[in-house]
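Written below as structure tokens is the structure these notes are about.
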Amino acid sequence: MQLDLNLLAAFDALLEEGSVAGAAARLHVTAPAMSRSLGRIRRTTGDQILVRTGRTMTPTPYAIAVREQVHELLQQVQGVLAPSRELDLGTLERTFTLRWHDSLVALCGPALLSAVREEAPGVRLRFLAEASVDTPGLRRGEVDLEANATRPNVPDIRAENVGETRLVIVMRQGHPLTHGRTVTAEQYAAAEHVTVSRRGNLRDAVDDALARLGLTRRVVAAVPTEGAALEFARGSDLLICVPEVTTHSAVTDLGLTVLPLPLELPSAPIYLSWHQRYDTDQAHTWLRGLARTTLTRHGAPS
């Protein structure tokens, strides 16, 4: 059966007004047009709906029985096809999935969750670990927001640069290289290193920069997260190279030292990314705003 949703509005108006003229005035249509709609409703339901009693029209027992249901259905349809433009954060219940770089989760996740819960206590956040390979989670609707150093290069993914951070060297307190205020490229290359790579790569942009100076370094291990790398540096003379943002709180807590990287490398950007389907989603727009503020304030100073 193919139904015209306009009939639902006409049905509701007829039951509320109890007359063709009243229903026509309510929906801003002509009386003949409303009469035609009543005829279609009668044919569809197999019921007269309204019958004439003297100078008035009286609803049939069927019409009386379905009056509330028709009204509720119309409200539901209007809610689906013309959603409210007002976002009520106090009653919002929704779960957002965020795939963020592990250091950004550690640094900014608590602040974001606190801000979310203060404004919308019914909202929950799911933070997912970054995968070792690129995934189309944003395009498939499996992920609401991504935050990392990668700018998506597909047209239907939005990306906003929320800040950047320089690369620094992290080592344990008391490391031989901490005796000077700076580390030369030669001293840096002569040490042993741990790289941070979700894919397990033992080589990265630092090695390319060293090669341009005719230098090489010895990488003895690759670990998937910066949190793990900091632990390696904590108990050995190994060096790690990480974005400075990673070191904000961890260095003091773990007894580590940060020194400038003696290489010409661009700052690491931080992008907030989402699929274009959420451009006009009010709840998603609200969350993006909180995430942008949190990342800029706590994790990605420009």
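How things are named: the first chain in the structure tokens is A, the next is B, and so on; residues count from 1 in each chain; ligands count from 1 in the order shown.
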If you run DSSP over the backbone, which residues in range 19-216 of chain A end up alpha helix (DSSP H)? Put them as a count of residues only. 80
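Proximity to Ile270 in chain A at 10 Å, evaluated using only C-alpha atoms and with sequence-adjacent residues fewer than 4 positions away removed, yields His101, Leu104, Ala147, Asn148, Ala149, Thr150, Arg151, Ala159, Glu160, Asn161, Val162, Gly163, Glu164, Thr165, Leu295, Thr296, Gly299, Ala300, Pro301 and Ser302 of chain A.
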Residue with the minimum atom-to-atom distance to Glu119 in chain A, picked from A:Leu272, A:Leu138, A:Ala131, A:Leu89 with only C-alpha atoms counted, is A:Leu89
Min atom-atom distance to Arg292 in chain A from the set A:Val170, A:Ala222, A:Ala191, A:Ala115, counting only C-alpha atoms, belongs to A:Ala115
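Going from CA of Asp279 in chain A to CA of Val80 in chain A covers 18.0 Å.
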Contact residues around range 228-238 of chain A with only C-alpha atoms at 6 Å, ignoring same-chain residues under 3 positions, as a list in words: Met171, Arg172, Glu192, His193 and Thr225 of chain A
Counting only C-alpha atoms, the option among A:Thr184, A:Thr293, A:Thr58, A:Ser19 closest to Leu210 in chain A: A:Thr184
Tell me which protein, DNA and RNA residues are within 7 Å of range 198-205 of chain A, counting only C-alpha atoms, leaving out same-chain ones fewer than 5 positions away, and put them as a list of chain:residue names. A:Ser132, A:Val219, A:Ala221, A:Ala222, A:Val223, A:Pro224, A:Thr225
Restricting the output to C-alpha atoms, write the selected residues as a compact mmCIF listing (two decimals), in the first residue's frame.
# COMPACT_ATOMS: atom_id res chain seq x y z
CA SER A 132 47.94 0.11 12.41
CA VAL A 219 67.10 2.34 16.38
CA ALA A 221 63.06 -0.87 19.07
CA ALA A 222 59.72 0.41 17.77
CA VAL A 223 56.70 0.72 20.06
CA PRO A 224 53.08 1.51 19.15
CA THR A 225 52.38 4.35 21.59
Might you pull out every residue within 9 Å of Gly18 in chain A, with only C-alpha atoms counted and same-chain residues fewer than 2 positions away left off, and present them as a list of chain:residue names? A:Ala13, A:Leu14, A:Leu15, A:Glu16, A:Val20, A:Ala21, A:Gly22, A:Ala23, A:Leu50, A:Thr56, A:Met57, A:Thr58, A:Pro59
Can you tell me, as a short mmCIF file (atom, residue, chain, number, x, y, z; two decimals) with all heavy atoms, in the first residue's frame, which residues in range 71-258 of chain A count as strand (DSSP E) by DSSP?
data_model
loop_
_atom_site.label_atom_id
_atom_site.label_comp_id
_atom_site.auth_asym_id
_atom_site.auth_seq_id
_atom_site.Cartn_x
_atom_site.Cartn_y
_atom_site.Cartn_z
N ARG A 94 23.26 10.35 23.68
CA ARG A 94 23.94 9.93 22.45
C ARG A 94 25.35 9.46 22.80
O ARG A 94 25.95 9.95 23.76
CB ARG A 94 24.00 11.10 21.47
CG ARG A 94 24.57 10.78 20.09
CD ARG A 94 24.17 11.85 19.13
NE ARG A 94 24.91 11.79 17.87
CZ ARG A 94 24.72 12.63 16.86
NH1 ARG A 94 23.79 13.58 16.96
NH2 ARG A 94 25.43 12.53 15.75
N THR A 95 25.84 8.51 22.04
CA THR A 95 27.20 8.02 22.23
C THR A 95 28.02 8.41 21.02
O THR A 95 27.67 8.09 19.88
CB THR A 95 27.22 6.49 22.41
OG1 THR A 95 26.47 6.15 23.58
CG2 THR A 95 28.65 6.00 22.58
N PHE A 96 29.12 9.12 21.25
CA PHE A 96 30.03 9.53 20.18
C PHE A 96 31.29 8.66 20.22
O PHE A 96 31.82 8.38 21.30
CB PHE A 96 30.43 11.00 20.34
CG PHE A 96 29.31 11.97 20.10
CD1 PHE A 96 28.58 12.48 21.16
CD2 PHE A 96 28.98 12.37 18.81
CE1 PHE A 96 27.55 13.38 20.95
CE2 PHE A 96 27.94 13.27 18.58
CZ PHE A 96 27.23 13.78 19.66
N THR A 97 31.74 8.28 19.04
CA THR A 97 32.95 7.47 18.93
C THR A 97 34.08 8.34 18.39
O THR A 97 33.95 8.96 17.34
CB THR A 97 32.72 6.28 18.00
OG1 THR A 97 31.67 5.47 18.54
CG2 THR A 97 33.98 5.43 17.89
N LEU A 98 35.21 8.37 19.12
CA LEU A 98 36.34 9.20 18.77
C LEU A 98 37.59 8.34 18.61
O LEU A 98 37.93 7.56 19.50
CB LEU A 98 36.61 10.26 19.85
CG LEU A 98 35.53 11.33 20.05
CD1 LEU A 98 34.35 10.79 20.86
CD2 LEU A 98 36.11 12.53 20.79
N ARG A 99 38.23 8.45 17.45
CA ARG A 99 39.50 7.76 17.22
C ARG A 99 40.60 8.83 17.24
O ARG A 99 40.80 9.55 16.27
CB ARG A 99 39.49 7.02 15.88
CG ARG A 99 40.69 6.06 15.73
CD ARG A 99 40.74 5.48 14.32
NE ARG A 99 39.56 4.74 13.95
CZ ARG A 99 39.33 3.48 14.29
NH1 ARG A 99 40.22 2.81 15.01
NH2 ARG A 99 38.23 2.87 13.93
N TRP A 100 41.28 8.92 18.38
CA TRP A 100 42.29 9.94 18.59
C TRP A 100 43.65 9.30 18.82
O TRP A 100 43.76 8.17 19.30
CB TRP A 100 41.95 10.80 19.80
CG TRP A 100 40.81 11.76 19.60
CD1 TRP A 100 39.86 11.72 18.63
CD2 TRP A 100 40.52 12.91 20.41
NE1 TRP A 100 38.99 12.76 18.76
CE2 TRP A 100 39.36 13.52 19.85
CE3 TRP A 100 41.10 13.48 21.53
CZ2 TRP A 100 38.79 14.67 20.39
CZ3 TRP A 100 40.53 14.63 22.07
CH2 TRP A 100 39.40 15.21 21.50
N VAL A 123 25.34 12.19 27.50
CA VAL A 123 26.22 11.85 26.38
C VAL A 123 27.39 11.01 26.87
O VAL A 123 27.97 11.28 27.92
CB VAL A 123 26.75 13.15 25.70
CG1 VAL A 123 27.88 12.84 24.73
CG2 VAL A 123 25.61 13.84 24.98
N ARG A 124 27.74 9.99 26.08
CA ARG A 124 28.88 9.13 26.40
C ARG A 124 29.91 9.20 25.27
O ARG A 124 29.55 9.41 24.11
CB ARG A 124 28.43 7.67 26.60
CG ARG A 124 27.43 7.48 27.72
CD ARG A 124 27.15 6.02 27.98
NE ARG A 124 26.56 5.36 26.81
CZ ARG A 124 26.32 4.06 26.74
NH1 ARG A 124 26.64 3.27 27.75
NH2 ARG A 124 25.77 3.53 25.66
N LEU A 125 31.18 9.04 25.63
CA LEU A 125 32.27 9.08 24.66
C LEU A 125 32.96 7.72 24.61
O LEU A 125 33.28 7.13 25.65
CB LEU A 125 33.30 10.16 25.04
CG LEU A 125 32.79 11.59 25.17
CD1 LEU A 125 33.94 12.52 25.53
CD2 LEU A 125 32.09 12.06 23.90
N ARG A 126 33.20 7.24 23.39
CA ARG A 126 33.97 6.00 23.17
C ARG A 126 35.27 6.38 22.47
O ARG A 126 35.26 6.77 21.30
CB ARG A 126 33.19 5.00 22.31
CG ARG A 126 31.91 4.50 22.90
CD ARG A 126 31.13 3.65 21.92
NE ARG A 126 31.81 2.42 21.56
CZ ARG A 126 32.22 2.13 20.33
NH1 ARG A 126 32.03 2.98 19.34
NH2 ARG A 126 32.81 0.98 20.08
N PHE A 127 36.38 6.28 23.17
CA PHE A 127 37.69 6.55 22.55
C PHE A 127 38.26 5.23 22.02
O PHE A 127 38.41 4.27 22.78
CB PHE A 127 38.65 7.17 23.57
CG PHE A 127 38.35 8.59 23.91
CD1 PHE A 127 37.62 8.91 25.04
CD2 PHE A 127 38.80 9.63 23.10
CE1 PHE A 127 37.35 10.22 25.37
CE2 PHE A 127 38.53 10.95 23.41
CZ PHE A 127 37.80 11.25 24.55
N LEU A 128 38.58 5.21 20.73
CA LEU A 128 39.16 4.03 20.11
C LEU A 128 40.64 4.25 19.85
O LEU A 128 41.07 5.37 19.54
CB LEU A 128 38.47 3.71 18.79
CG LEU A 128 36.96 3.47 18.82
CD1 LEU A 128 36.47 3.12 17.42
CD2 LEU A 128 36.59 2.38 19.81
N LEU A 145 34.62 11.48 15.25
CA LEU A 145 35.70 12.47 15.20
C LEU A 145 37.05 11.78 15.27
O LEU A 145 37.24 10.85 16.07
CB LEU A 145 35.59 13.45 16.37
CG LEU A 145 34.64 14.65 16.27
CD1 LEU A 145 34.65 15.41 17.59
CD2 LEU A 145 35.04 15.56 15.13
N GLU A 146 37.99 12.23 14.45
CA GLU A 146 39.37 11.78 14.55
C GLU A 146 40.24 12.97 14.91
O GLU A 146 39.94 14.11 14.54
CB GLU A 146 39.85 11.16 13.23
CG GLU A 146 39.28 9.79 12.95
CD GLU A 146 39.96 9.09 11.78
OE1 GLU A 146 40.79 9.75 11.11
OE2 GLU A 146 39.66 7.91 11.54
N ALA A 147 41.32 12.70 15.65
CA ALA A 147 42.28 13.75 15.98
C ALA A 147 43.67 13.14 15.94
O ALA A 147 43.98 12.25 16.74
CB ALA A 147 41.99 14.34 17.36
N ASN A 148 44.48 13.60 15.00
CA ASN A 148 45.84 13.10 14.86
C ASN A 148 46.61 14.04 13.93
O ASN A 148 46.15 15.13 13.62
CB ASN A 148 45.84 11.66 14.31
CG ASN A 148 44.96 11.50 13.09
OD1 ASN A 148 44.97 12.34 12.20
ND2 ASN A 148 44.17 10.43 13.04
N ILE A 157 35.55 14.25 3.59
CA ILE A 157 36.01 14.34 4.98
C ILE A 157 36.48 15.76 5.25
O ILE A 157 37.33 16.29 4.54
CB ILE A 157 37.15 13.34 5.27
CG1 ILE A 157 36.70 11.90 4.99
CG2 ILE A 157 37.62 13.48 6.72
CD1 ILE A 157 35.55 11.43 5.85
N ARG A 158 35.91 16.36 6.27
CA ARG A 158 36.34 17.70 6.68
C ARG A 158 37.54 17.57 7.61
O ARG A 158 37.63 16.62 8.39
CB ARG A 158 35.23 18.43 7.42
CG ARG A 158 33.87 18.41 6.74
CD ARG A 158 33.89 19.13 5.43
NE ARG A 158 32.53 19.36 4.95
CZ ARG A 158 32.21 19.52 3.69
NH1 ARG A 158 33.14 19.46 2.76
NH2 ARG A 158 30.96 19.72 3.33
N ALA A 159 38.45 18.52 7.56
CA ALA A 159 39.61 18.51 8.45
C ALA A 159 39.93 19.94 8.85
O ALA A 159 39.95 20.84 8.01
CB ALA A 159 40.81 17.87 7.76
N GLU A 160 40.17 20.13 10.13
CA GLU A 160 40.48 21.45 10.66
C GLU A 160 41.77 21.37 11.46
O GLU A 160 41.92 20.52 12.35
CB GLU A 160 39.34 21.93 11.55
CG GLU A 160 39.56 23.30 12.16
CD GLU A 160 38.40 23.73 13.03
OE1 GLU A 160 37.32 23.13 12.91
OE2 GLU A 160 38.58 24.67 13.83
N ASN A 161 42.72 22.23 11.14
CA ASN A 161 43.97 22.28 11.89
C ASN A 161 43.72 23.01 13.20
O ASN A 161 43.40 24.20 13.21
CB ASN A 161 45.04 23.01 11.07
CG ASN A 161 46.42 22.90 11.71
OD1 ASN A 161 46.56 22.92 12.91
ND2 ASN A 161 47.45 22.80 10.88
N VAL A 162 43.85 22.29 14.32
CA VAL A 162 43.57 22.89 15.63
C VAL A 162 44.84 23.26 16.37
O VAL A 162 44.78 23.69 17.52
CB VAL A 162 42.71 21.94 16.48
CG1 VAL A 162 41.34 21.75 15.86
CG2 VAL A 162 43.39 20.59 16.68
N GLY A 163 45.99 23.07 15.73
CA GLY A 163 47.24 23.46 16.37
C GLY A 163 48.41 22.67 15.82
O GLY A 163 48.28 21.89 14.89
N GLU A 164 49.56 22.91 16.40
CA GLU A 164 50.75 22.18 15.99
C GLU A 164 51.72 22.15 17.17
O GLU A 164 51.60 22.94 18.11
CB GLU A 164 51.41 22.81 14.78
CG GLU A 164 51.80 24.26 14.97
CD GLU A 164 52.36 24.88 13.70
OE1 GLU A 164 52.00 24.42 12.60
OE2 GLU A 164 53.16 25.82 13.83
N THR A 165 52.66 21.24 17.12
CA THR A 165 53.63 21.11 18.20
C THR A 165 54.96 20.66 17.62
O THR A 165 55.01 19.88 16.68
CB THR A 165 53.13 20.11 19.27
OG1 THR A 165 54.09 20.00 20.31
CG2 THR A 165 52.88 18.73 18.66
N LEU A 167 58.76 18.82 17.54
CA LEU A 167 59.34 17.57 18.01
C LEU A 167 60.48 17.87 18.97
O LEU A 167 61.26 18.81 18.77
CB LEU A 167 59.85 16.75 16.83
CG LEU A 167 58.78 16.28 15.84
CD1 LEU A 167 59.43 15.58 14.65
CD2 LEU A 167 57.78 15.35 16.51
N VAL A 168 60.59 17.07 20.03
CA VAL A 168 61.64 17.24 21.03
C VAL A 168 62.24 15.88 21.36
O VAL A 168 61.70 14.82 21.01
CB VAL A 168 61.09 17.87 22.33
CG1 VAL A 168 60.61 19.29 22.07
CG2 VAL A 168 59.95 17.01 22.91
N ILE A 169 63.39 15.91 22.05
CA ILE A 169 64.03 14.68 22.53
C ILE A 169 63.66 14.49 23.99
O ILE A 169 63.68 15.44 24.78
CB ILE A 169 65.57 14.77 22.43
CG1 ILE A 169 66.02 15.25 21.06
CG2 ILE A 169 66.21 13.44 22.76
CD1 ILE A 169 67.50 15.60 21.01
N VAL A 170 63.33 13.25 24.34
CA VAL A 170 63.05 12.92 25.73
C VAL A 170 64.03 11.85 26.19
O VAL A 170 64.29 10.88 25.47
CB VAL A 170 61.60 12.42 25.90
CG1 VAL A 170 61.33 12.04 27.35
CG2 VAL A 170 60.61 13.49 25.45
N MET A 171 64.57 12.04 27.39
CA MET A 171 65.52 11.09 27.97
C MET A 171 65.36 11.10 29.48
O MET A 171 64.71 11.99 30.05
CB MET A 171 66.96 11.48 27.59
CG MET A 171 67.38 12.84 28.13
SD MET A 171 68.86 13.49 27.33
CE MET A 171 68.17 14.02 25.76
N ARG A 172 65.96 10.14 30.13
CA ARG A 172 65.85 10.08 31.59
C ARG A 172 66.66 11.21 32.23
O ARG A 172 67.63 11.71 31.64
CB ARG A 172 66.35 8.73 32.11
CG ARG A 172 67.84 8.51 31.93
CD ARG A 172 68.31 7.24 32.62
NE ARG A 172 69.74 6.99 32.37
CZ ARG A 172 70.72 7.57 33.07
NH1 ARG A 172 70.46 8.42 34.04
NH2 ARG A 172 72.00 7.28 32.79
N GLU A 192 71.41 5.60 21.14
CA GLU A 192 70.47 4.56 20.70
C GLU A 192 69.04 5.06 20.91
O GLU A 192 68.77 5.82 21.86
CB GLU A 192 70.71 3.26 21.45
CG GLU A 192 72.05 2.62 21.09
CD GLU A 192 72.21 1.24 21.72
OE1 GLU A 192 71.73 1.04 22.86
OE2 GLU A 192 72.79 0.36 21.05
N HIS A 193 68.13 4.60 20.04
CA HIS A 193 66.81 5.22 19.98
C HIS A 193 65.68 4.19 19.96
O HIS A 193 65.87 3.04 19.56
CB HIS A 193 66.70 6.08 18.72
CG HIS A 193 67.76 7.12 18.61
ND1 HIS A 193 67.55 8.44 18.93
CD2 HIS A 193 69.07 7.04 18.22
CE1 HIS A 193 68.66 9.12 18.74
NE2 HIS A 193 69.59 8.30 18.30
N VAL A 194 64.50 4.67 20.36
CA VAL A 194 63.25 3.93 20.23
C VAL A 194 62.31 4.80 19.41
O VAL A 194 62.15 5.99 19.69
CB VAL A 194 62.61 3.63 21.60
CG1 VAL A 194 61.22 3.03 21.42
CG2 VAL A 194 63.48 2.67 22.39
N THR A 195 61.71 4.24 18.37
CA THR A 195 60.74 4.98 17.56
C THR A 195 59.33 4.66 18.01
O THR A 195 59.07 3.60 18.60
CB THR A 195 60.87 4.65 16.07
OG1 THR A 195 60.58 3.26 15.86
CG2 THR A 195 62.26 4.99 15.55
N VAL A 196 58.43 5.57 17.71
CA VAL A 196 57.01 5.37 18.01
C VAL A 196 56.30 5.18 16.68
O VAL A 196 56.30 6.08 15.83
CB VAL A 196 56.41 6.56 18.77
CG1 VAL A 196 54.93 6.31 19.05
CG2 VAL A 196 57.18 6.82 20.06
N ARG A 218 71.08 4.53 15.44
CA ARG A 218 70.73 3.13 15.67
C ARG A 218 69.41 3.06 16.43
O ARG A 218 69.31 3.51 17.58
CB ARG A 218 71.83 2.43 16.48
CG ARG A 218 71.48 1.00 16.87
CD ARG A 218 72.66 0.26 17.49
NE ARG A 218 72.27 -0.99 18.09
CZ ARG A 218 71.96 -2.10 17.44
NH1 ARG A 218 71.98 -2.09 16.11
NH2 ARG A 218 71.62 -3.21 18.07
N VAL A 219 68.40 2.53 15.77
CA VAL A 219 67.10 2.34 16.38
C VAL A 219 67.00 0.90 16.86
O VAL A 219 67.12 -0.03 16.06
CB VAL A 219 65.96 2.65 15.39
CG1 VAL A 219 64.60 2.35 16.01
CG2 VAL A 219 66.03 4.11 14.95
N VAL A 220 66.83 0.71 18.16
CA VAL A 220 66.85 -0.64 18.72
C VAL A 220 65.46 -1.21 18.93
O VAL A 220 65.31 -2.42 19.17
CB VAL A 220 67.62 -0.66 20.06
CG1 VAL A 220 69.06 -0.22 19.85
CG2 VAL A 220 66.93 0.22 21.11
N ALA A 221 64.42 -0.37 18.85
CA ALA A 221 63.06 -0.87 19.07
C ALA A 221 62.05 0.11 18.51
O ALA A 221 62.31 1.31 18.37
CB ALA A 221 62.79 -1.11 20.56
N ALA A 222 60.87 -0.41 18.16
CA ALA A 222 59.72 0.41 17.77
C ALA A 222 58.56 0.01 18.66
O ALA A 222 58.32 -1.19 18.88
CB ALA A 222 59.36 0.20 16.30
N VAL A 223 57.84 1.00 19.19
CA VAL A 223 56.70 0.72 20.06
C VAL A 223 55.48 1.44 19.50
O VAL A 223 55.61 2.45 18.80
CB VAL A 223 56.97 1.16 21.52
CG1 VAL A 223 58.10 0.34 22.12
CG2 VAL A 223 57.30 2.64 21.60
N LEU A 239 66.93 7.20 23.69
CA LEU A 239 66.29 8.47 23.38
C LEU A 239 65.01 8.22 22.58
O LEU A 239 64.94 7.29 21.79
CB LEU A 239 67.21 9.36 22.55
CG LEU A 239 68.60 9.70 23.11
CD1 LEU A 239 69.31 10.67 22.17
CD2 LEU A 239 68.50 10.27 24.51
N ILE A 240 64.04 9.07 22.80
CA ILE A 240 62.84 9.03 21.96
C ILE A 240 62.58 10.44 21.45
O ILE A 240 62.93 11.43 22.09
CB ILE A 240 61.60 8.50 22.71
CG1 ILE A 240 61.24 9.42 23.88
CG2 ILE A 240 61.80 7.09 23.18
CD1 ILE A 240 59.91 9.07 24.53
N CYS A 241 62.01 10.52 20.27
CA CYS A 241 61.65 11.80 19.65
C CYS A 241 60.13 11.83 19.53
O CYS A 241 59.55 10.98 18.83
CB CYS A 241 62.32 11.94 18.29
SG CYS A 241 61.88 13.46 17.42
N VAL A 242 59.50 12.77 20.21
CA VAL A 242 58.04 12.84 20.24
C VAL A 242 57.59 14.29 20.14
O VAL A 242 58.36 15.20 20.42
CB VAL A 242 57.48 12.22 21.54
CG1 VAL A 242 57.75 10.72 21.61
CG2 VAL A 242 58.06 12.93 22.77
N PRO A 243 56.33 14.52 19.77
CA PRO A 243 55.80 15.88 19.80
C PRO A 243 55.84 16.43 21.23
O PRO A 243 55.56 15.71 22.19
CB PRO A 243 54.36 15.71 19.31
CG PRO A 243 54.40 14.46 18.49
CD PRO A 243 55.37 13.56 19.17
N LEU A 256 61.58 12.52 33.62
CA LEU A 256 62.26 12.61 32.33
C LEU A 256 62.69 14.05 32.04
O LEU A 256 62.20 15.00 32.65
CB LEU A 256 61.35 12.09 31.22
CG LEU A 256 60.92 10.62 31.34
CD1 LEU A 256 59.83 10.30 30.34
CD2 LEU A 256 62.10 9.69 31.17
N THR A 257 63.57 14.20 31.08
CA THR A 257 64.07 15.50 30.68
C THR A 257 63.80 15.72 29.19
O THR A 257 63.90 14.78 28.39
CB THR A 257 65.59 15.61 30.93
OG1 THR A 257 65.83 15.49 32.33
CG2 THR A 257 66.14 16.95 30.45
N VAL A 258 63.46 16.95 28.84
CA VAL A 258 63.18 17.30 27.45
C VAL A 258 64.23 18.28 26.95
O VAL A 258 64.55 19.26 27.62
CB VAL A 258 61.79 17.94 27.31
CG1 VAL A 258 61.54 18.39 25.87
CG2 VAL A 258 60.71 16.97 27.73
#
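By only C-alpha atoms, and with residues fewer than 5 positions from Gln69 in chain A along its chain excluded, the set lying at most 12 Å from it is Leu8, Phe11, Asp12, Leu15, Tyr62, Ala63, Ile64, Leu74, Gln75 and Gln76 of chain A.
Here CA of Ile49 in chain A is placed at a distance of 12.9 Å from CA of Leu7 in chain A.
Among A:Asn6, A:Ser249, A:Thr60, A:Gln276, the residue with the shortest atom-to-atom distance to Gly46 in chain A, counting only C-alpha atoms, is A:Thr60.
CA of Glu68 in chain A lies 20.1 Å from CA of Arg40 in chain A.
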For Val183 in chain A, find every residue with an atom within 8 Å (counting only C-alpha atoms), except residues of its own chain fewer than 3 positions away, and show them as a PyMOL selection string. chain A and resi 177+180+187-188+259-262
